Amino acid sequence: MLRTPVLIVGGGPVGLALAGDLAWRGVESVLVEKTDGAITQPKMDLLGPRTVEFCRRWGIAQQVTDCPYNPDHPQDNVWLESFSGYEFGREPFPTPRAEEPQPQSPVKRERCPQDMFDPILKRWVESQPRACLRYNTELVSFEEHAEGVDALLRGPEGPVKVACRYLVGADGGASLVRQRLGIEMQGKPVLTYTTNAIFRCKDFWSLHDKRKGYRFIFIGPEGTWATIVAIDGHDRFRFSVVGDETRRTLGEEEVRALIVRAMGRPFEFEILSIVPWVRRELVAERYGSQRVFLTGDAAHLNSPTGAFGMNTGMQDSVDLGWKLAAMTQGWGGPRLMASYEPERRPVALRNVEEASENLRRMISPRKHLTPAVFQPGPDGDAARRTFGDAYTEMMKREWFTLHIHLGYRYDGSPVIVPDGTRPPQDPPMVYTQTAVPGSRAPHVWLREGFSTLDLFGRGFVLMRFDPALDVSGFAAAAEKRGAPLEVVDIDDAQARALYEAPLVIVRPDGMVGWRGRGGDEGAILDVLRGA
Ligand SMILES: Cc1cc2nc3c(=O)[nH]c(=O)nc-3n(C[C@H](O)[C@H](O)[C@H](O)COP(=O)(O)OP(=O)(O)OC[C@H]3O[C@@H](n4cnc5c(N)ncnc54)[C@H](O)[C@@H]3O)c2cc1C
């Protein structure tokens, strides 16, 4: 019989992040992963800026930046007939080495595919004494009771029983944990039946005249039919046959012929793997029970258009991480765990819908896609310009997504104290930082290399912008409740203006919980800790 405060099921990026975050907070956990952890088909490859902000907090951002993805590979998005045919448009993006952070964040997004990111997370988790990773070990069943959960695992040494206080299902789209809880997924179970193939070609960029890029979207007379992404910026590529709602199984020869169609002529390449998968728009109707919770793909599934899947899951795990720490360390109140669902589920609903809209834009029949687009000559050139410009304009929303990555909010959460103000009503492609309670606490450089975000993570942080205000009541109330609270004096006009109040409490996950001039300190802290 194994005992642990938290049992995490699933060692994908989201489960690993939770195990690491808990250990970083001093909480023990056991993570079980049914495979040996090897990634044959990397799925995710883009870490949005919020995920990189978490990595910065955990001390692994530099490893992400230094991952083996080619830092000199341009990240352009391109729409074209084929590599040997017409290019219709291009949204240029710098190489990872040249890209600078946006002003709203101390970090930039990073290209770090799953076969590079999972090992970084795994090394980080293994370097911490409080986390225990068990590969080749599967969750078979579990029973929840008032005090915790009894689980049955099957590992290399046979069956193992585990007693834990909390169980988290980070076990992906087919989540056994979700099924055992009887939780349904709501939304659209099938958007497309898609086939992905990873192929290797050493001299890929010398076979045609197109400039380098990250993502290539292939458009034929029938519309958008495939994409190719530079999965490592070197010689490996992911080819995706977009498909539709009709189930089709493509054999290797068919996939090979379609890759040749994308190149526009025969060429030498090696297919490394082929994986058929279903693109979905689904969110779990509930995010767990009293003692069992869902995170990542177990809770929501979306089209990869926009790169929101894992990034949304990382935010789930960070939300769960500090709450589970509060409960196991004894300072969390009885309502804290119940706040997980109202905080995270609306964000998933927003993100899966945005991903589907991105897909719709990518594959939608377009009025400017006339036969002339594929014809040589001046009429063809004019048709291509009209079509290309319209498509470029339409696709911008998928490429500029800071509002999705940083602008998520916990409005209406039972563990946030609202102050009656409203966040800026940004149009979809704009993100204005705000410290309205329920928002990600804004970034300001306080000194060279040190962001406001570097203050947050371990416990509550009370930011004091007016040194004349007495905060001893907050310190005493926190101590009485055993809740970690650090008071930080900030002497910075920009931060003062952005945070808009003389006192601001930022939660351990970096979200603004309360702001004001003062009040009933004990009552404020009780709301924040779910008491
Ligand atoms: C083509 C493609 C591109 C994508 N690109 C991006 C991107 O750029 N950015 C992004 O954010 N997202 C992207 N996504 C989505 C992203 O890959 C997923 O959201 C992410 O992998 C989810 O991580 P997870 O840890 O929740 O689940 P998974 O990665 O599915 O991991 C779940 C793990 O649980 C294990 N498991 C399952 N059942 C059990 C059990 N009973 N016992 C023990 N272990 C179990 C599985 O073996 C698996 O390792 C992409 C997806 C696709 C398909």
# chains A, B, ... in the order shown; residues from 1 in each chain; ligands from 1
>>> residues_around(residues="Thr421 of chain A", least_positions_apart="3", cutoff="10 Å", atoms="only C-alpha atoms", output="JSON, numbers by chain")
{"A": [418, 424, 435, 436, 437]}
>>> write_last_selection(atoms="N, CA and C atoms", output="PDB file, in the first residue's frame")
ATOM      1  N   PRO A 418     -14.307  40.794  -5.774  1.00  0.00           N
ATOM      2  CA  PRO A 418     -14.469  41.821  -6.818  1.00  0.00           C
ATOM      3  C   PRO A 418     -14.452  43.214  -6.202  1.00  0.00           C
ATOM      4  N   PRO A 424     -10.769  46.191 -19.178  1.00  0.00           N
ATOM      5  CA  PRO A 424     -10.905  46.849 -20.480  1.00  0.00           C
ATOM      6  C   PRO A 424     -11.628  45.925 -21.464  1.00  0.00           C
ATOM      7  N   ALA A 435      -5.324  44.959 -13.607  1.00  0.00           N
ATOM      8  CA  ALA A 435      -5.268  44.322 -12.287  1.00  0.00           C
ATOM      9  C   ALA A 435      -6.656  44.241 -11.662  1.00  0.00           C
ATOM     10  N   VAL A 436      -7.702  44.306 -12.484  1.00  0.00           N
ATOM     11  CA  VAL A 436      -9.048  44.062 -11.963  1.00  0.00           C
ATOM     12  C   VAL A 436      -9.043  42.664 -11.331  1.00  0.00           C
ATOM     13  N   PRO A 437      -9.527  42.504 -10.092  1.00  0.00           N
ATOM     14  CA  PRO A 437      -9.481  41.177  -9.456  1.00  0.00           C
ATOM     15  C   PRO A 437     -10.021  40.081 -10.382  1.00  0.00           C
TER      16      PRO A 437
END
>>> residues_near_ligand(ligand="ligand 1", cutoff="7 Å", atoms="only C-alpha atoms and all ligand atoms", output="JSON, numbers by chain")
{"A": [9, 10, 11, 12, 13, 14, 15, 32, 33, 34, 35, 37, 43, 44, 45, 46, 47, 137, 138, 139, 140, 170, 171, 172, 173, 175, 176, 295, 296, 297, 298, 301, 304, 307, 308, 309, 310, 311, 312, 313]}
>>> select_by_dssp(residues="segment 57-129 of chain A", states="helix (DSSP H, G or I)", output="count of residues only")
20
>>> closest_residue(among="A:Glu398, A:Trp24, A:Gly482, A:Asp118", to="Gly332 of chain A", atoms="only C-alpha atoms")
A:Gly482
>>> closest_residue(among="A:Ser206, A:Glu222, A:Met263, A:Arg56", to="Leu455 of chain A", atoms="only C-alpha atoms")
A:Arg56
>>> closest_residue(among="A:Pro346, A:Gly85, A:Gly148, A:Gly187", to="Lys210 of chain A", atoms="only C-alpha atoms")
A:Gly85
>>> residues_around(residues="Val78 of chain A", least_positions_apart="3", cutoff="12 Å", atoms="only C-alpha atoms", output="ChimeraX atom specification")
/A:74-75,81-83,86-93,210-219,227-230,362,388,391-392,395-396,399
>>> write_last_selection(atoms="N, CA and C atoms", output="JSON list (two decimals), in the first residue's frame")
[["chain", "number", "residue", "atom", "x", "y", "z"],
["A", 74, "PRO", "N", 12.99, 30.64, -39.33],
["A", 74, "PRO", "CA", 11.91, 31.65, -39.36],
["A", 74, "PRO", "C", 10.55, 31.01, -39.05],
["A", 75, "GLN", "N", 9.67, 31.76, -38.40],
["A", 75, "GLN", "CA", 8.40, 31.21, -37.93],
["A", 75, "GLN", "C", 7.21, 31.69, -38.78],
["A", 81, "GLU", "N", -0.09, 27.02, -53.01],
["A", 81, "GLU", "CA", -0.65, 25.91, -53.81],
["A", 81, "GLU", "C", 0.17, 24.65, -53.51],
["A", 82, "SER", "N", 1.49, 24.78, -53.66],
["A", 82, "SER", "CA", 2.43, 23.71, -53.30],
["A", 82, "SER", "C", 3.80, 24.36, -53.24],
["A", 83, "PHE", "N", 4.80, 23.61, -52.77],
["A", 83, "PHE", "CA", 6.14, 24.22, -52.71],
["A", 83, "PHE", "C", 6.66, 24.56, -54.11],
["A", 86, "TYR", "N", 2.21, 28.20, -56.67],
["A", 86, "TYR", "CA", 2.06, 29.61, -56.29],
["A", 86, "TYR", "C", 2.02, 29.78, -54.77],
["A", 87, "GLU", "N", 2.65, 30.85, -54.29],
["A", 87, "GLU", "CA", 2.49, 31.26, -52.88],
["A", 87, "GLU", "C", 1.45, 32.37, -52.85],
["A", 88, "PHE", "N", 0.42, 32.22, -52.00],
["A", 88, "PHE", "CA", -0.68, 33.20, -51.98],
["A", 88, "PHE", "C", -0.48, 34.30, -50.95],
["A", 89, "GLY", "N", 0.24, 33.99, -49.90],
["A", 89, "GLY", "CA", 0.43, 34.99, -48.85],
["A", 89, "GLY", "C", 1.30, 34.45, -47.74],
["A", 90, "ARG", "N", 1.71, 35.36, -46.88],
["A", 90, "ARG", "CA", 2.67, 34.96, -45.84],
["A", 90, "ARG", "C", 2.57, 35.96, -44.69],
["A", 91, "GLU", "N", 2.48, 35.46, -43.48],
["A", 91, "GLU", "CA", 2.55, 36.32, -42.29],
["A", 91, "GLU", "C", 3.94, 36.10, -41.70],
["A", 92, "PRO", "N", 4.82, 37.09, -41.83],
["A", 92, "PRO", "CA", 6.19, 36.86, -41.38],
["A", 92, "PRO", "C", 6.32, 36.93, -39.86],
["A", 93, "PHE", "N", 7.12, 36.04, -39.31],
["A", 93, "PHE", "CA", 7.46, 36.08, -37.89],
["A", 93, "PHE", "C", 8.96, 35.82, -37.77],
["A", 210, "LYS", "N", 10.60, 28.34, -52.18],
["A", 210, "LYS", "CA", 9.87, 29.06, -51.12],
["A", 210, "LYS", "C", 10.81, 29.35, -49.95],
["A", 211, "ARG", "N", 10.64, 30.57, -49.39],
["A", 211, "ARG", "CA", 11.44, 30.91, -48.20],
["A", 211, "ARG", "C", 10.99, 30.06, -47.02],
["A", 212, "LYS", "N", 11.89, 29.94, -46.05],
["A", 212, "LYS", "CA", 11.57, 29.09, -44.89],
["A", 212, "LYS", "C", 10.40, 29.66, -44.10],
["A", 213, "GLY", "N", 9.73, 28.78, -43.38],
["A", 213, "GLY", "CA", 8.63, 29.20, -42.53],
["A", 213, "GLY", "C", 8.33, 28.09, -41.54],
["A", 214, "TYR", "N", 7.40, 28.37, -40.63],
["A", 214, "TYR", "CA", 7.02, 27.35, -39.64],
["A", 214, "TYR", "C", 5.85, 26.51, -40.16],
["A", 215, "ARG", "N", 4.81, 27.21, -40.63],
["A", 215, "ARG", "CA", 3.59, 26.48, -41.00],
["A", 215, "ARG", "C", 3.20, 26.82, -42.44],
["A", 216, "PHE", "N", 2.93, 25.79, -43.21],
["A", 216, "PHE", "CA", 2.52, 25.95, -44.60],
["A", 216, "PHE", "C", 1.12, 25.36, -44.77],
["A", 217, "ILE", "N", 0.20, 26.17, -45.28],
["A", 217, "ILE", "CA", -1.19, 25.75, -45.46],
["A", 217, "ILE", "C", -1.43, 25.57, -46.96],
["A", 218, "PHE", "N", -1.82, 24.36, -47.36],
["A", 218, "PHE", "CA", -1.94, 24.05, -48.79],
["A", 218, "PHE", "C", -3.38, 24.22, -49.24],
["A", 219, "ILE", "N", -3.55, 25.00, -50.29],
["A", 219, "ILE", "CA", -4.87, 25.32, -50.80],
["A", 219, "ILE", "C", -4.95, 24.93, -52.27],
["A", 227, "THR", "N", -1.59, 20.69, -44.24],
["A", 227, "THR", "CA", -0.61, 21.63, -43.70],
["A", 227, "THR", "C", 0.71, 20.88, -43.49],
["A", 228, "ILE", "N", 1.80, 21.63, -43.51],
["A", 228, "ILE", "CA", 3.10, 21.07, -43.12],
["A", 228, "ILE", "C", 3.71, 22.05, -42.12],
["A", 229, "VAL", "N", 4.19, 21.53, -40.98],
["A", 229, "VAL", "CA", 4.91, 22.40, -40.05],
["A", 229, "VAL", "C", 6.33, 21.88, -39.87],
["A", 230, "ALA", "N", 7.23, 22.85, -39.68],
["A", 230, "ALA", "CA", 8.64, 22.52, -39.42],
["A", 230, "ALA", "C", 8.74, 22.15, -37.94],
["A", 362, "MET", "N", -9.58, 28.75, -41.38],
["A", 362, "MET", "CA", -8.52, 28.12, -42.20],
["A", 362, "MET", "C", -9.11, 27.30, -43.36],
["A", 388, "GLY", "N", -5.14, 36.13, -51.93],
["A", 388, "GLY", "CA", -4.09, 36.09, -50.90],
["A", 388, "GLY", "C", -4.29, 37.16, -49.85],
["A", 391, "TYR", "N", -7.25, 36.27, -47.57],
["A", 391, "TYR", "CA", -6.93, 35.15, -46.68],
["A", 391, "TYR", "C", -5.96, 35.61, -45.58],
["A", 392, "THR", "N", -4.97, 36.41, -45.96],
["A", 392, "THR", "CA", -4.00, 36.92, -44.99],
["A", 392, "THR", "C", -4.70, 37.71, -43.90],
["A", 395, "MET", "N", -6.72, 35.40, -41.57],
["A", 395, "MET", "CA", -5.96, 34.49, -40.72],
["A", 395, "MET", "C", -5.24, 35.19, -39.57],
["A", 396, "LYS", "N", -5.20, 36.52, -39.60],
["A", 396, "LYS", "CA", -4.43, 37.24, -38.56],
["A", 396, "LYS", "C", -4.90, 36.88, -37.15],
["A", 399, "TRP", "N", -2.98, 34.21, -35.61],
["A", 399, "TRP", "CA", -1.54, 34.42, -35.34],
["A", 399, "TRP", "C", -1.30, 35.37, -34.18]]
>>> closest_residue(among="A:Ser439, A:Ser29, A:Ser364, A:Gln315", to="Ile505 of chain A", atoms="only C-alpha atoms")
A:Ser439
>>> closest_residue(among="A:Ala348, A:Leu503, A:Ile259, A:Cys67", to="Cys201 of chain A", atoms="only C-alpha atoms")
A:Ile259
>>> residues_around(residues="Pro423 of chain A", least_positions_apart="2", cutoff="12 Å", atoms="only C-alpha atoms", output="VMD selection string")
chain A and resid 407 to 411 418 to 421 425 to 426 431 to 440 498 to 500
>>> residues_around(residues="Ser141 of chain A", least_positions_apart="4", cutoff="10 Å", atoms="only C-alpha atoms", output="PyMOL selection string")
chain A and resi 150-154+161+176-177+180
>>> closest_residue(among="A:Val318, A:Ala383, A:Met327, A:Gly306", to="Glu353 of chain A", atoms="only C-alpha atoms")
A:Gly306
>>> residues_around(residues="Val64 of chain A", least_positions_apart="6", cutoff="10 Å", atoms="only C-alpha atoms", output="PyMOL selection string")
chain A and resi 47+52+55-56+110-113+116-117+120-121
>>> residues_around(residues="Tyr340 of chain A", least_positions_apart="6", cutoff="8 Å", atoms="only C-alpha atoms", output="short mmCIF file (atom, residue, chain, number, x, y, z; two decimals) with C-alpha atoms, in the first residue's frame")
data_model
loop_
_atom_site.label_atom_id
_atom_site.label_comp_id
_atom_site.auth_asym_id
_atom_site.auth_seq_id
_atom_site.Cartn_x
_atom_site.Cartn_y
_atom_site.Cartn_z
CA TYR A 287 -14.23 19.30 -13.64
CA ASP A 319 -4.74 26.70 -10.64
CA LEU A 320 -4.94 23.22 -9.10
#
>>> select_by_dssp(residues="segment 184-400 of chain A", states="strand (DSSP E or B)", output="ChimeraX atom specification")
/A:185-200,215-220,223-230,236-241,270-284,288,292-294,300-301
